[in-house]
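Colleague: Just passing along the structure, written as structure tokens.
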Amino acid sequence: MPELPEVEVITRGLRPHLKGKTIISIWHSGKHLRTPVPYEILRKKLRGEKIADVTRRAKYIQIALNSGSLFIVHLGMTGNMGIFPGSSRKTKHDHIELGLDDGKALRLNDVRRFGSVHFLSASDAQQKESTIFKTAGPEPFDDSFSADYLYKTASNRNITVKQFIMTSQVVVGIGNIYASESLFRARIRPTRKINSLTKKNWSDLIDNIRKVLKHAIECGGSTISDFLNANQESGYFQMNFKVYGKNGEKCSCCSSIIKKEVIGGRASFFCSNCQK
DNA sequence: CAAGTTACCTGACGGC
DNA sequence: TGCCGTCAGGTAACTT
């Protein structure tokens with residue numbers, strides 16, 4: 001479900017609700033997510049802590065506590081976090097709840113349980129390369145995410161360009177939707193092998209990845225079936241999809257029929273006329 | 001090493 | 001109505 005724009009939208013939505021609040025209770029459904037929930041640690045370490053800030057790194061939401069420790073959440077495919085009245089009923093697939101001193105509650109809901117939650121002590125969090133982000137590539141908006149970097153990183157490999165930009169060790173945050181959308185805008189076919197891309201191709205791709213992600217954040221993310229922000233509102237970037245899920249429809253640019261092809265096990269969409 | 005495959009989960013949908 | 005296969009925004013652990 002959530003790629004970088006959706007995680008960023010949730011992070012921004014949560015921040016004003018959480019910053020400065022104290023966690024007074026912790027609840028857990030008892031079910032494991034992708035990894036076991038460190039419930040006993042959370043209970044010990046989070047209760048009574050004040051929230052300093054909420055930030056995003058890759059597709060992770062980081063809740064920083066005043067003590068310097070970090071509560072980190074990954075939303076997987078179907079995860080979502082939102083703010084609810086503490087008195088409201090929990091719903092099916094709620095897995096974690098942090099009760100706050102203003103009577104509200106932060107809840108993590110995740111139907112498929114592909115998400116994960118992590119706790120880093122202040123000293124672990126301070127180590128720049130904590131285990132979680134040790135192998136993570138640059139953020140798409142970082143200067144280090146450059147045409148030179150991609151050209152060089154691609155040099156001793158030969159997968160398709162779509163698989164390459166979806167690899168978190170190469171660059172973080174780009175998932176199945178925004179990979180297809182960025183490649184369409186850069187006029188590069190997703191099946192192209194990376195050793196065939198020129199520096200100009202990489203440069204165009206970077207520009208369009210940034211444009212698409214930025215636009216999607218401004219639109220509040222993409223809501224396909226169930227994405228909601230921290231205030232339970234839909235995003236509307238799906239209105240701006242040019243190719244994702246549009247196989248059989250006419251290309252908005254040239255009227256050719258948009259194709260669907262499975263690449264690396266993931267549905268991929270492109271215009272074979274516009275994208276070479 | 002890189003690249004390809006499988007596994008983790010629930011639910012929606014289409015075909016029979 | 002229900003049973004079955006397929007698919008879904010992610011990613012790590014396998015195997016080849």
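Chain lettering (A, B, ...) mirrors the order of the structure tokens, residue numbering begins at 1 for each chain separately, and ligand numbering begins at 1 in order of display.
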Near stretch 16-19 of chain A, within 10 Å and counting only C-alpha atoms (C1' of nucleotides), which residues show up once chain neighbours fewer than 3 positions away are dropped, as a PyMOL selection string?

Modeller: chain A and resi 11-13+22-23+50-54+63-65+82-83+100+102+104-106+230-231

Colleague: Give as a PyMOL selection string every residue of chain A that touches chain C within 10 Å, counting only C-alpha atoms (C1' of nucleotides).

Modeller: chain A and resi 1-3+6+34+59+74-79+114-115+167-168+175-178+222-227+267

Colleague: Keeping N, CA and C atoms for every residue in the selection just given, could you write it to a file as a PDB file, in the first residue's frame?

Modeller:
ATOM      1  N   MET A   1       0.827  -1.197   0.000  1.00  0.00           N
ATOM      2  CA  MET A   1       0.000   0.000   0.000  1.00  0.00           C
ATOM      3  C   MET A   1       0.857   1.239   0.000  1.00  0.00           C
ATOM      4  N   PRO A   2       1.481   1.588   1.075  1.00  0.00           N
ATOM      5  CA  PRO A   2       2.074   2.918   1.111  1.00  0.00           C
ATOM      6  C   PRO A   2       3.481   2.935   0.550  1.00  0.00           C
ATOM      7  N   GLU A   3       3.716   3.855  -0.348  1.00  0.00           N
ATOM      8  CA  GLU A   3       5.065   4.138  -0.839  1.00  0.00           C
ATOM      9  C   GLU A   3       5.487   5.451  -0.181  1.00  0.00           C
ATOM     10  N   GLU A   6       2.784   8.270   0.517  1.00  0.00           N
ATOM     11  CA  GLU A   6       1.770   7.952   1.527  1.00  0.00           C
ATOM     12  C   GLU A   6       2.381   7.967   2.931  1.00  0.00           C
ATOM     13  N   ARG A  34       5.036  -8.652  10.439  1.00  0.00           N
ATOM     14  CA  ARG A  34       6.097  -9.347   9.664  1.00  0.00           C
ATOM     15  C   ARG A  34       7.145  -9.913  10.614  1.00  0.00           C
ATOM     16  N   LYS A  59      10.538   4.127   3.914  1.00  0.00           N
ATOM     17  CA  LYS A  59       9.097   3.963   4.118  1.00  0.00           C
ATOM     18  C   LYS A  59       8.783   3.730   5.592  1.00  0.00           C
ATOM     19  N   HIS A  74       6.889   0.358  10.209  1.00  0.00           N
ATOM     20  CA  HIS A  74       6.792   0.158   8.759  1.00  0.00           C
ATOM     21  C   HIS A  74       5.385  -0.336   8.471  1.00  0.00           C
ATOM     22  N   LEU A  75       4.753   0.199   7.428  1.00  0.00           N
ATOM     23  CA  LEU A  75       3.340  -0.091   7.179  1.00  0.00           C
ATOM     24  C   LEU A  75       3.097  -1.267   6.237  1.00  0.00           C
ATOM     25  N   GLY A  76       4.168  -1.834   5.675  1.00  0.00           N
ATOM     26  CA  GLY A  76       3.976  -2.985   4.788  1.00  0.00           C
ATOM     27  C   GLY A  76       3.056  -2.638   3.632  1.00  0.00           C
ATOM     28  N   MET A  77       2.165  -3.568   3.297  1.00  0.00           N
ATOM     29  CA  MET A  77       1.250  -3.357   2.165  1.00  0.00           C
ATOM     30  C   MET A  77      -0.047  -2.685   2.596  1.00  0.00           C
ATOM     31  N   THR A  78      -0.536  -3.019   3.776  1.00  0.00           N
ATOM     32  CA  THR A  78      -1.879  -2.577   4.156  1.00  0.00           C
ATOM     33  C   THR A  78      -1.905  -1.828   5.484  1.00  0.00           C
ATOM     34  N   GLY A  79      -0.727  -1.433   5.973  1.00  0.00           N
ATOM     35  CA  GLY A  79      -0.686  -0.765   7.266  1.00  0.00           C
ATOM     36  C   GLY A  79      -1.167   0.675   7.193  1.00  0.00           C
ATOM     37  N   PHE A 114       1.941  -7.285   7.115  1.00  0.00           N
ATOM     38  CA  PHE A 114       3.277  -7.239   6.506  1.00  0.00           C
ATOM     39  C   PHE A 114       4.077  -6.071   7.056  1.00  0.00           C
ATOM     40  N   GLY A 115       3.484  -5.284   7.926  1.00  0.00           N
ATOM     41  CA  GLY A 115       4.192  -4.165   8.551  1.00  0.00           C
ATOM     42  C   GLY A 115       5.109  -4.671   9.653  1.00  0.00           C
ATOM     43  N   THR A 167      14.500  -1.164  -5.876  1.00  0.00           N
ATOM     44  CA  THR A 167      15.396  -1.835  -4.937  1.00  0.00           C
ATOM     45  C   THR A 167      15.820  -0.840  -3.852  1.00  0.00           C
ATOM     46  N   SER A 168      15.492  -1.147  -2.601  1.00  0.00           N
ATOM     47  CA  SER A 168      15.709  -0.158  -1.532  1.00  0.00           C
ATOM     48  C   SER A 168      17.187   0.097  -1.247  1.00  0.00           C
ATOM     49  N   GLY A 175       7.901   2.444  -4.871  1.00  0.00           N
ATOM     50  CA  GLY A 175       7.238   1.150  -4.947  1.00  0.00           C
ATOM     51  C   GLY A 175       6.615   0.954  -6.311  1.00  0.00           C
ATOM     52  N   ASN A 176       5.668   0.043  -6.400  1.00  0.00           N
ATOM     53  CA  ASN A 176       5.160  -0.396  -7.695  1.00  0.00           C
ATOM     54  C   ASN A 176       4.404   0.679  -8.459  1.00  0.00           C
ATOM     55  N   ILE A 177       3.668   1.519  -7.767  1.00  0.00           N
ATOM     56  CA  ILE A 177       2.908   2.567  -8.459  1.00  0.00           C
ATOM     57  C   ILE A 177       3.845   3.622  -9.022  1.00  0.00           C
ATOM     58  N   TYR A 178       4.669   4.183  -8.151  1.00  0.00           N
ATOM     59  CA  TYR A 178       5.477   5.344  -8.550  1.00  0.00           C
ATOM     60  C   TYR A 178       6.621   4.953  -9.475  1.00  0.00           C
ATOM     61  N   SER A 222      -1.870   8.480  -2.785  1.00  0.00           N
ATOM     62  CA  SER A 222      -2.795   7.783  -3.686  1.00  0.00           C
ATOM     63  C   SER A 222      -3.671   6.849  -2.876  1.00  0.00           C
ATOM     64  N   THR A 223      -4.985   6.957  -3.061  1.00  0.00           N
ATOM     65  CA  THR A 223      -5.907   6.032  -2.404  1.00  0.00           C
ATOM     66  C   THR A 223      -6.468   5.106  -3.459  1.00  0.00           C
ATOM     67  N   ILE A 224      -6.059   3.817  -3.419  1.00  0.00           N
ATOM     68  CA  ILE A 224      -6.582   2.863  -4.400  1.00  0.00           C
ATOM     69  C   ILE A 224      -7.797   2.182  -3.810  1.00  0.00           C
ATOM     70  N   SER A 225      -7.629   1.540  -2.691  1.00  0.00           N
ATOM     71  CA  SER A 225      -8.815   0.943  -2.083  1.00  0.00           C
ATOM     72  C   SER A 225      -8.974   1.409  -0.647  1.00  0.00           C
ATOM     73  N   ASP A 226      -7.841   1.641   0.019  1.00  0.00           N
ATOM     74  CA  ASP A 226      -8.020   1.859   1.454  1.00  0.00           C
ATOM     75  C   ASP A 226      -7.052   2.840   2.106  1.00  0.00           C
ATOM     76  N   PHE A 227      -6.176   3.497   1.331  1.00  0.00           N
ATOM     77  CA  PHE A 227      -5.241   4.393   1.996  1.00  0.00           C
ATOM     78  C   PHE A 227      -5.945   5.625   2.560  1.00  0.00           C
ATOM     79  N   ALA A 267       3.085  -6.358 -11.374  1.00  0.00           N
ATOM     80  CA  ALA A 267       2.395  -5.785 -12.530  1.00  0.00           C
ATOM     81  C   ALA A 267       3.034  -4.448 -12.881  1.00  0.00           C
TER      82      ALA A 267
END

Colleague: Mind checking which residues fall within 6 Å of stretch 4-13 of chain B, counting only C-alpha atoms (C1' of nucleotides), ignoring those fewer than 6 positions away in the same chain, and posting them as a PyMOL selection string?

Modeller: chain A and resi 111-113

Colleague: What does the file look like for those residues with C-alpha atoms, as a JSON list (two decimals), in the first residue's frame?

Modeller:
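As a result, selection-v7.json now contains:
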[["chain", "number", "residue", "atom", "x", "y", "z"],
["A", 111, "VAL", "CA", -4.92, -6.19, 7.56],
["A", 112, "ARG", "CA", -2.19, -8.34, 6.04],
["A", 113, "ARG", "CA", 0.35, -7.83, 8.86]]

Colleague: Residues within 12 Å of A:Phe269, please, as an MDAnalysis selection string. Count only C-alpha atoms (C1' of nucleotides); anything in the same chain fewer than 6 positions from it doesn't count.

Modeller: chainID A and resid 162 176:184 188:191 241:249 251 257:263 275

Colleague: What are the DSSP strand (DSSP E or B) residues of stretch 73-136 of chain A, as JSON, numbers by chain?

Modeller: {"A": [73, 74, 79, 80, 81, 82, 83, 84, 85, 94, 95, 96, 97, 98, 99, 100, 104, 105, 106, 107, 108, 109, 110, 116, 117, 118, 119, 120]}

Colleague: Tell me, as a PyMOL selection string, which residues lie within 6 Å of stretch 139-149 of chain A, counting only C-alpha atoms (C1' of nucleotides); anything in the same chain fewer than 2 positions away does not count.

Modeller: chain A and resi 151-153+172+199+202-203

Colleague: So how far away is atom CA of A:Asn195 from atom CA of A:Arg157, in Å?

Modeller: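 Pair atom CA of A:Arg157 / atom CA of A:Asn195 returns 7.4 Å.
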
Colleague: Mind checking DSSP for stretch 47-206 of chain A and telling me the alpha helix (DSSP H) residues as a count of residues only?

Modeller: 36
